[in-house]
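> Structure file model.csv, CSV, C-alpha atoms, is pasted below:
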chain,number,residue,atom,x,y,z
D,1,MET,CA,13.9,-3.4,-9.2
D,2,LEU,CA,10.9,-1.7,-8.1
D,3,ARG,CA,10.1,1.8,-8.6
D,4,GLY,CA,6.6,1.2,-9.8
D,5,PRO,CA,4.3,-1.1,-13.2
D,6,GLY,CA,2.8,0.5,-16.3
D,7,TYR,CA,-0.6,-0.4,-18.0
D,8,PHE,CA,-4.1,1.4,-18.5
D,9,HIS,CA,-8.7,1.2,-19.3
D,10,TRP,CA,-12.1,2.5,-18.4
D,11,VAL,CA,-15.7,3.1,-19.4
D,12,PRO,CA,-18.1,6.2,-19.8
D,13,VAL,CA,-16.8,9.1,-17.8
D,14,PRO,CA,-18.2,9.3,-14.3
D,15,PRO,CA,-18.5,12.7,-12.5
D,16,ALA,CA,-15.3,12.0,-10.6
D,17,ALA,CA,-13.4,12.1,-13.9
D,18,ALA,CA,-15.3,14.9,-15.5
D,19,LEU,CA,-12.7,17.6,-14.9
D,20,ALA,CA,-10.1,15.5,-16.7
D,21,VAL,CA,-12.6,15.0,-19.5
D,22,ALA,CA,-13.1,18.7,-19.8
D,23,LEU,CA,-9.4,19.2,-20.0
D,24,LEU,CA,-8.9,16.4,-22.5
D,25,SER,CA,-11.8,17.5,-24.7
D,26,SER,CA,-9.7,20.6,-25.3
D,27,LEU,CA,-6.9,18.5,-26.8
D,28,SER,CA,-9.1,16.9,-29.5
D,29,HIS,CA,-6.7,18.1,-32.2
D,30,CYS,CA,-4.0,15.8,-30.9
D,31,SER,CA,-3.5,12.4,-32.6
D,32,PHE,CA,-4.6,9.3,-30.8
D,33,LEU,CA,-2.1,6.5,-30.2
D,34,GLU,CA,-2.6,3.5,-32.4
D,35,ARG,CA,-3.6,0.4,-30.5
D,36,ALA,CA,-4.1,-3.2,-31.5
D,37,ASP,CA,-6.7,-3.7,-28.7
D,38,PRO,CA,-9.8,-1.5,-28.6
D,39,VAL,CA,-9.8,0.8,-25.6
D,40,ILE,CA,-12.9,1.1,-23.4
D,41,SER,CA,-12.7,4.8,-23.4
D,42,PRO,CA,-11.6,6.9,-26.4
D,43,LEU,CA,-9.9,9.2,-23.9
D,44,SER,CA,-7.5,6.5,-22.7
D,45,PRO,CA,-4.7,7.2,-25.3
D,46,TYR,CA,-4.5,10.8,-23.9
D,47,PHE,CA,-3.4,9.7,-20.4
D,48,GLY,CA,0.2,9.2,-19.4
D,49,THR,CA,2.0,6.9,-16.9
D,50,LYS,CA,-0.3,7.9,-14.1
D,51,THR,CA,-3.3,6.3,-15.8
D,52,ARG,CA,-4.8,3.0,-14.7
D,53,TYR,CA,-2.5,0.2,-15.9
D,54,GLU,CA,-5.5,-1.5,-17.5
D,55,ASP,CA,-5.8,1.5,-19.9
D,56,ALA,CA,-2.5,0.6,-21.5
D,57,ASN,CA,-2.9,-3.1,-21.4
D,58,SER,CA,-6.5,-4.2,-22.1
D,59,GLY,CA,-5.5,-7.8,-21.5
D,60,LEU,CA,-5.4,-7.1,-17.8
D,61,LEU,CA,-9.1,-6.7,-17.8
D,62,ARG,CA,-9.7,-10.1,-19.5
D,63,ASP,CA,-7.3,-12.1,-17.2
D,64,PRO,CA,-4.7,-10.2,-15.2
D,65,GLU,CA,-2.7,-13.4,-14.5
D,66,VAL,CA,-2.3,-14.6,-18.0
D,67,PRO,CA,0.9,-13.4,-19.8
D,68,ARG,CA,0.7,-12.0,-23.3
D,69,ARG,CA,3.6,-11.5,-25.7
D,70,ASP,CA,4.5,-10.8,-29.3
D,71,PRO,CA,4.0,-14.2,-31.0
D,72,GLU,CA,7.4,-13.6,-32.8
D,73,LEU,CA,9.3,-13.4,-29.6
D,74,LEU,CA,10.8,-16.1,-27.5
D,75,GLU,CA,9.0,-19.0,-29.1
D,76,ASP,CA,11.5,-21.7,-29.9
D,77,THR,CA,14.2,-19.5,-31.3
D,78,CYS,CA,16.0,-18.3,-28.2
D,79,THR,CA,16.5,-19.0,-24.6
D,80,PRO,CA,16.2,-16.1,-22.0
D,81,LEU,CA,19.3,-15.9,-19.8
D,82,GLN,CA,18.5,-12.9,-17.7
D,83,LEU,CA,15.7,-10.5,-17.0
D,84,VAL,CA,16.2,-6.9,-15.9
D,85,ALA,CA,13.1,-4.8,-15.4
D,86,LEU,CA,12.5,-1.2,-14.2
D,87,ILE,CA,8.9,-1.4,-12.8
D,88,ARG,CA,6.7,1.3,-11.6
D,89,HIS,CA,5.0,1.0,-8.2
D,90,GLY,CA,1.4,-0.3,-8.0
D,91,THR,CA,-1.7,1.8,-7.9
D,92,ARG,CA,-1.6,4.4,-5.1
D,93,TYR,CA,-3.4,7.3,-3.5
D,94,PRO,CA,-2.6,10.8,-4.5
D,95,THR,CA,0.2,12.4,-2.5
D,96,ALA,CA,-0.6,15.0,0.2
D,97,LYS,CA,0.5,17.8,-2.1
D,98,GLN,CA,-1.9,16.5,-4.8
D,99,ILE,CA,-4.7,16.2,-2.3
D,100,ARG,CA,-4.2,19.8,-1.2
D,101,LYS,CA,-4.5,20.9,-4.9
D,102,LEU,CA,-7.6,18.8,-5.3
D,103,ARG,CA,-9.2,20.5,-2.3
D,104,GLN,CA,-8.5,23.9,-3.8
D,105,LEU,CA,-10.0,22.8,-7.1
D,106,HIS,CA,-13.0,21.3,-5.4
D,107,GLY,CA,-13.6,24.4,-3.4
D,108,LEU,CA,-13.4,26.5,-6.6
D,109,LEU,CA,-16.1,24.3,-8.1
D,110,GLN,CA,-18.3,24.6,-5.1
D,111,ALA,CA,-18.0,28.4,-5.0
D,112,ARG,CA,-18.8,28.8,-8.7
D,113,ARG,CA,-21.9,30.5,-10.0
D,114,PRO,CA,-23.3,28.4,-12.9
D,115,ARG,CA,-24.8,30.1,-15.8
D,116,ASP,CA,-28.3,29.0,-16.9
D,117,ASP,CA,-27.9,30.1,-20.5
D,118,ARG,CA,-25.6,27.3,-21.6
D,119,ALA,CA,-25.2,23.6,-21.4
D,120,ASP,CA,-22.0,21.9,-20.4
D,121,ALA,CA,-19.5,20.9,-23.1
D,122,VAL,CA,-19.9,17.1,-22.5
D,123,GLY,CA,-23.2,15.5,-23.0
D,124,GLY,CA,-25.2,18.6,-22.1
D,125,ARG,CA,-24.6,18.0,-18.3
D,126,ASP,CA,-23.4,20.5,-15.8
D,127,LEU,CA,-20.0,19.0,-15.1
D,128,GLY,CA,-19.1,21.7,-12.6
D,129,ALA,CA,-22.1,20.9,-10.5
D,130,ALA,CA,-21.5,17.1,-10.8
D,131,LEU,CA,-17.9,17.6,-9.5
D,132,ALA,CA,-18.9,20.1,-6.8
D,133,ASN,CA,-21.4,17.6,-5.4
D,134,TRP,CA,-18.9,14.7,-5.6
D,135,PRO,CA,-17.6,13.9,-2.0
D,136,LEU,CA,-13.8,14.5,-1.9
D,137,TRP,CA,-12.9,11.7,0.4
D,138,TYR,CA,-9.1,11.8,0.2
D,139,ALA,CA,-7.4,12.4,3.5
D,140,ASP,CA,-3.9,13.7,4.3
D,141,TRP,CA,-2.7,10.3,5.8
D,142,MET,CA,-3.1,8.7,2.4
D,143,ASP,CA,-0.1,10.6,1.0
D,144,GLY,CA,0.8,8.4,-1.9
D,145,GLN,CA,0.3,5.2,0.0
D,146,LEU,CA,-0.1,2.0,-1.9
D,147,VAL,CA,-3.7,0.8,-2.0
D,148,GLU,CA,-4.8,-2.8,-2.0
D,149,LYS,CA,-5.4,-2.6,-5.8
D,150,GLY,CA,-1.7,-1.7,-6.1
D,151,ARG,CA,-0.6,-4.7,-4.1
D,152,GLU,CA,-2.8,-6.9,-6.4
D,153,ASP,CA,-1.1,-5.2,-9.4
D,154,MET,CA,2.2,-6.4,-8.3
D,155,ARG,CA,1.2,-9.9,-7.3
D,156,GLN,CA,-0.4,-10.4,-10.7
D,157,LEU,CA,2.6,-8.9,-12.4
D,158,ALA,CA,4.8,-11.5,-10.7
D,159,LEU,CA,2.5,-14.3,-11.7
D,160,ARG,CA,2.6,-13.1,-15.4
D,161,LEU,CA,6.4,-12.8,-15.5
D,162,ALA,CA,6.8,-16.2,-13.8
D,163,SER,CA,4.5,-17.8,-16.4
D,164,LEU,CA,6.2,-15.9,-19.3
D,165,PHE,CA,9.7,-16.9,-18.3
D,166,PRO,CA,9.4,-20.2,-16.5
D,167,ALA,CA,13.1,-21.1,-16.8
D,168,LEU,CA,14.2,-17.8,-15.2
D,169,PHE,CA,11.6,-18.0,-12.5
D,170,SER,CA,12.1,-21.6,-11.6
D,171,HIS,CA,12.2,-22.4,-7.9
D,172,GLU,CA,15.9,-23.2,-8.2
D,173,ASN,CA,16.6,-19.6,-9.3
D,174,TYR,CA,14.4,-18.1,-6.6
D,175,SER,CA,17.4,-17.4,-4.3
D,176,ARG,CA,19.2,-15.5,-7.2
D,177,LEU,CA,16.4,-13.0,-7.6
D,178,GLN,CA,17.4,-9.5,-6.6
D,179,LEU,CA,14.9,-6.7,-6.1
D,180,VAL,CA,16.1,-3.1,-5.6
D,181,THR,CA,13.7,-0.3,-4.6
D,182,SER,CA,13.8,3.3,-3.6
D,183,SER,CA,12.9,4.1,0.0
D,184,LYS,CA,9.5,5.4,-0.9
D,185,HIS,CA,7.0,3.4,1.1
D,186,ARG,CA,4.8,2.6,-2.0
D,187,CYS,CA,7.8,1.2,-3.8
D,188,VAL,CA,9.0,-0.9,-0.9
D,189,GLU,CA,5.5,-2.2,-0.5
D,190,SER,CA,5.2,-2.9,-4.2
D,191,GLY,CA,8.4,-5.0,-4.0
D,192,VAL,CA,7.0,-7.0,-1.0
D,193,ALA,CA,3.8,-7.6,-2.9
D,194,PHE,CA,5.8,-8.8,-6.0
D,195,LEU,CA,7.6,-11.3,-3.9
D,196,LYS,CA,4.4,-12.5,-2.4
D,197,GLY,CA,3.1,-13.0,-5.9
D,198,LEU,CA,6.1,-15.2,-6.7
D,199,TRP,CA,5.5,-17.2,-3.5
D,200,GLN,CA,1.9,-17.8,-4.7
D,201,HIS,CA,3.4,-19.1,-8.0
D,202,TYR,CA,5.7,-21.5,-6.2
D,203,HIS,CA,3.4,-22.5,-3.4
D,204,PRO,CA,-0.2,-22.1,-4.6
D,205,GLY,CA,-2.7,-22.1,-1.7
D,206,LEU,CA,-0.1,-21.5,1.0
D,207,PRO,CA,0.1,-18.2,2.9
D,208,PRO,CA,3.3,-16.3,2.2
D,209,PRO,CA,5.9,-15.9,5.0
D,210,ASP,CA,7.4,-12.6,6.0
D,211,VAL,CA,9.6,-11.5,3.1
D,212,ALA,CA,12.6,-11.4,5.4
D,213,ASP,CA,12.3,-15.2,5.6
D,214,MET,CA,12.1,-15.8,1.9
D,215,GLU,CA,15.1,-17.3,0.1
D,216,CYS,CA,15.7,-14.2,-2.0
D,217,GLY,CA,15.4,-11.8,0.9
D,218,PRO,CA,13.5,-8.6,1.1
D,219,PRO,CA,13.8,-5.8,-1.5
D,220,ARG,CA,17.1,-3.8,-1.1
D,221,ILE,CA,16.8,-0.1,-0.8
D,222,ASN,CA,19.1,2.0,-3.0
D,223,ASP,CA,18.1,5.6,-3.5
D,224,LYS,CA,21.3,6.5,-5.3
D,225,LEU,CA,20.2,4.1,-8.0
D,226,MET,CA,16.4,4.4,-8.0
D,227,ARG,CA,16.2,8.1,-7.1
D,228,PHE,CA,19.4,9.2,-8.8
D,229,PHE,CA,17.9,12.7,-9.5
D,230,ASP,CA,17.9,13.4,-5.7
D,231,HIS,CA,21.6,12.6,-5.5
D,232,CYS,CA,23.0,14.0,-8.7
D,233,GLU,CA,24.8,17.3,-7.8
D,234,LYS,CA,24.8,18.5,-11.4
D,235,PHE,CA,21.1,18.0,-11.8
D,236,LEU,CA,20.3,19.6,-8.4
D,237,THR,CA,22.4,22.7,-9.1
D,238,GLU,CA,22.0,23.2,-12.9
D,239,VAL,CA,18.4,22.1,-13.3
D,240,GLU,CA,16.4,22.2,-10.1
D,241,GLY,CA,18.4,25.1,-8.6
D,242,SER,CA,18.5,27.1,-11.8
D,243,ASP,CA,16.1,29.8,-12.8
D,244,THR,CA,16.6,29.3,-16.5
D,245,ALA,CA,16.9,25.6,-17.0
D,246,LEU,CA,13.2,25.1,-17.2
D,247,TYR,CA,12.6,28.2,-19.4
D,248,HIS,CA,10.8,26.3,-22.2
D,249,VAL,CA,8.6,24.5,-19.7
D,250,GLU,CA,7.5,27.7,-18.1
D,251,ALA,CA,7.0,29.3,-21.5
D,252,PHE,CA,4.6,26.5,-22.5
D,253,LYS,CA,2.6,26.8,-19.3
D,254,THR,CA,1.9,30.5,-20.0
D,255,GLY,CA,1.8,30.2,-23.8
D,256,PRO,CA,-1.2,30.5,-26.2
D,257,GLU,CA,-1.8,26.7,-26.4
D,258,MET,CA,-2.1,26.3,-22.7
D,259,GLN,CA,-4.2,29.5,-22.4
D,260,ASN,CA,-6.6,28.2,-25.0
D,261,ILE,CA,-7.0,24.9,-23.1
D,262,LEU,CA,-7.7,26.8,-19.8
D,263,LYS,CA,-10.3,29.0,-21.5
D,264,LYS,CA,-12.1,25.9,-22.8
D,265,VAL,CA,-12.0,24.2,-19.4
D,266,ALA,CA,-13.2,27.3,-17.6
D,267,ALA,CA,-16.1,27.6,-20.0
D,268,ALA,CA,-17.0,23.9,-19.6
D,269,LEU,CA,-16.9,24.1,-15.8
D,270,GLN,CA,-18.4,27.6,-15.6
D,271,VAL,CA,-15.6,28.9,-13.4
D,272,PRO,CA,-13.6,32.1,-13.8
D,273,PHE,CA,-10.8,31.8,-16.3
D,274,SER,CA,-8.5,33.6,-13.9
D,275,SER,CA,-8.9,30.9,-11.3
D,276,LEU,CA,-7.2,28.2,-13.5
D,277,ASN,CA,-3.6,27.8,-14.4
D,278,ALA,CA,-1.1,25.1,-15.6
D,279,GLY,CA,-0.3,24.5,-11.9
D,280,ASN,CA,-3.8,23.4,-10.8
D,281,MET,CA,-4.9,21.6,-14.0
D,282,PRO,CA,-2.8,18.4,-13.4
D,283,ALA,CA,-4.8,17.9,-10.2
D,284,SER,CA,-7.8,16.9,-12.3
D,285,PHE,CA,-6.0,13.6,-13.2
D,286,HIS,CA,-6.2,12.6,-9.5
D,287,LEU,CA,-10.0,12.9,-9.2
Take the structure from the file and write it as structure tokens.


Amino acid sequence: MLRGPGYFHWVPVPPAAALAVALLSSLSHCSFLERADPVISPLSPYFGTKTRYEDANSGLLRDPEVPRRDPELLEDTCTPLQLVALIRHGTRYPTAKQIRKLRQLHGLLQARRPRDDRADAVGGRDLGAALANWPLWYADWMDGQLVEKGREDMRQLALRLASLFPALFSHENYSRLQLVTSSKHRCVESGVAFLKGLWQHYHPGLPPPDVADMECGPPRINDKLMRFFDHCEKFLTEVEGSDTALYHVEAFKTGPEMQNILKKVAAALQVPFSSLNAGNMPASFHL
């Protein structure tokens, strides 16, 4: 059932993340999420599902193969009979569209004219200069491809689930396992990596075979299920094809709250306010 996992963590903000920091510093009035585990960066709670998985689950930093669960769940009180999971794909590169936006944003920073009469909003550093000097190494071929870290994400997830539900993931049940994925290459490859993680659980130390030769078979592609929004006629005509369905979204993008954020980011990076908008700001999360 692979569409992709979800977890997230990191340390002091490097230049590569500085633009995201500038944007998030403008949101300081928002409430932080409460977490039992301390986060490495106080910015972590601001990020959404595109954040590093370790920033949502700090246990992954301590030992990514050890499962953790609520002590009140599944101790000796019940027996799991079935597991159904909707899982996000592993860590990936930005898509080609995101890379193009990054280049535009990077070019804007390189063309800026920094002012000498003010320090940057974060730590007194010139964030704009730091980002302008950062080598933008993303290439078009990367286009959302799964990276090796993403494969490791999925292998480790498989090991954690197998340890957490040993009866369900017994070798006898291996042939009953069904993985369904969308046709997106990163999702298919995530499913393959998940199965290889299970193979590692069943056969430690042995190299995994081709997934086509595994007892459970390879992940099955079903876009109508996993990418239902691409096949739902009502959604395509009444939402994506409508000029009014996203009225409130567009109103927010041009509203006073967003304009205030853009002004703060423009001041922090010393770029013209007119060069920023709600369309190119999300690209900062892919730096």

> I need the residue nearest Ala251 (chain D) from this list: D:Arg112, D:Ala278, D:Asp223, D:Asp140. Use all atoms listed in the file for the distance.

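Among D:Arg112, D:Ala278, D:Asp223, D:Asp140, it is D:Ala278 that comes nearest to Ala251 (chain D).
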
> To one decimal in Å, tell me the separation between CA of Pro218 (chain D) and CA of Gly144 (chain D).

21.4 Å

> For CA of Pro80 (chain D) and CA of Tyr202 (chain D), determine how far apart the two atoms are, in Å to one decimal place.

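The value is 19.7 Å.
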
> Leaving out Tyr174 (chain D) and any residue of its chain fewer than 3 positions from it, which residues lie within 12 Å of it when counting all atoms listed in the file, given as a ChimeraX atom specification?

/D:162,166-171,177-179,195,198-199,201-202,214-217

> Hey, can you check how far CA of Thr77 (chain D) sits from CA of Asn57 (chain D)?

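According to the coordinates, CA of Thr77 (chain D) and CA of Asn57 (chain D) are separated by 25.7 Å.
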
> Would you mind telling me which residue in D:Lys149, D:Arg100, D:Arg52, D:His106 lies nearest to Ala129 (chain D) when using all atoms listed in the file?

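Among D:Lys149, D:Arg100, D:Arg52, D:His106, it is D:His106 that comes nearest to Ala129 (chain D).
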
> Considering only C-alpha atoms, can you say which of D:Glu257, D:Glu240, D:Glu233, D:Asp153 comes closest to Gly191 (chain D)?

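Residue with the minimum atom-to-atom distance to Gly191 (chain D): D:Asp153.
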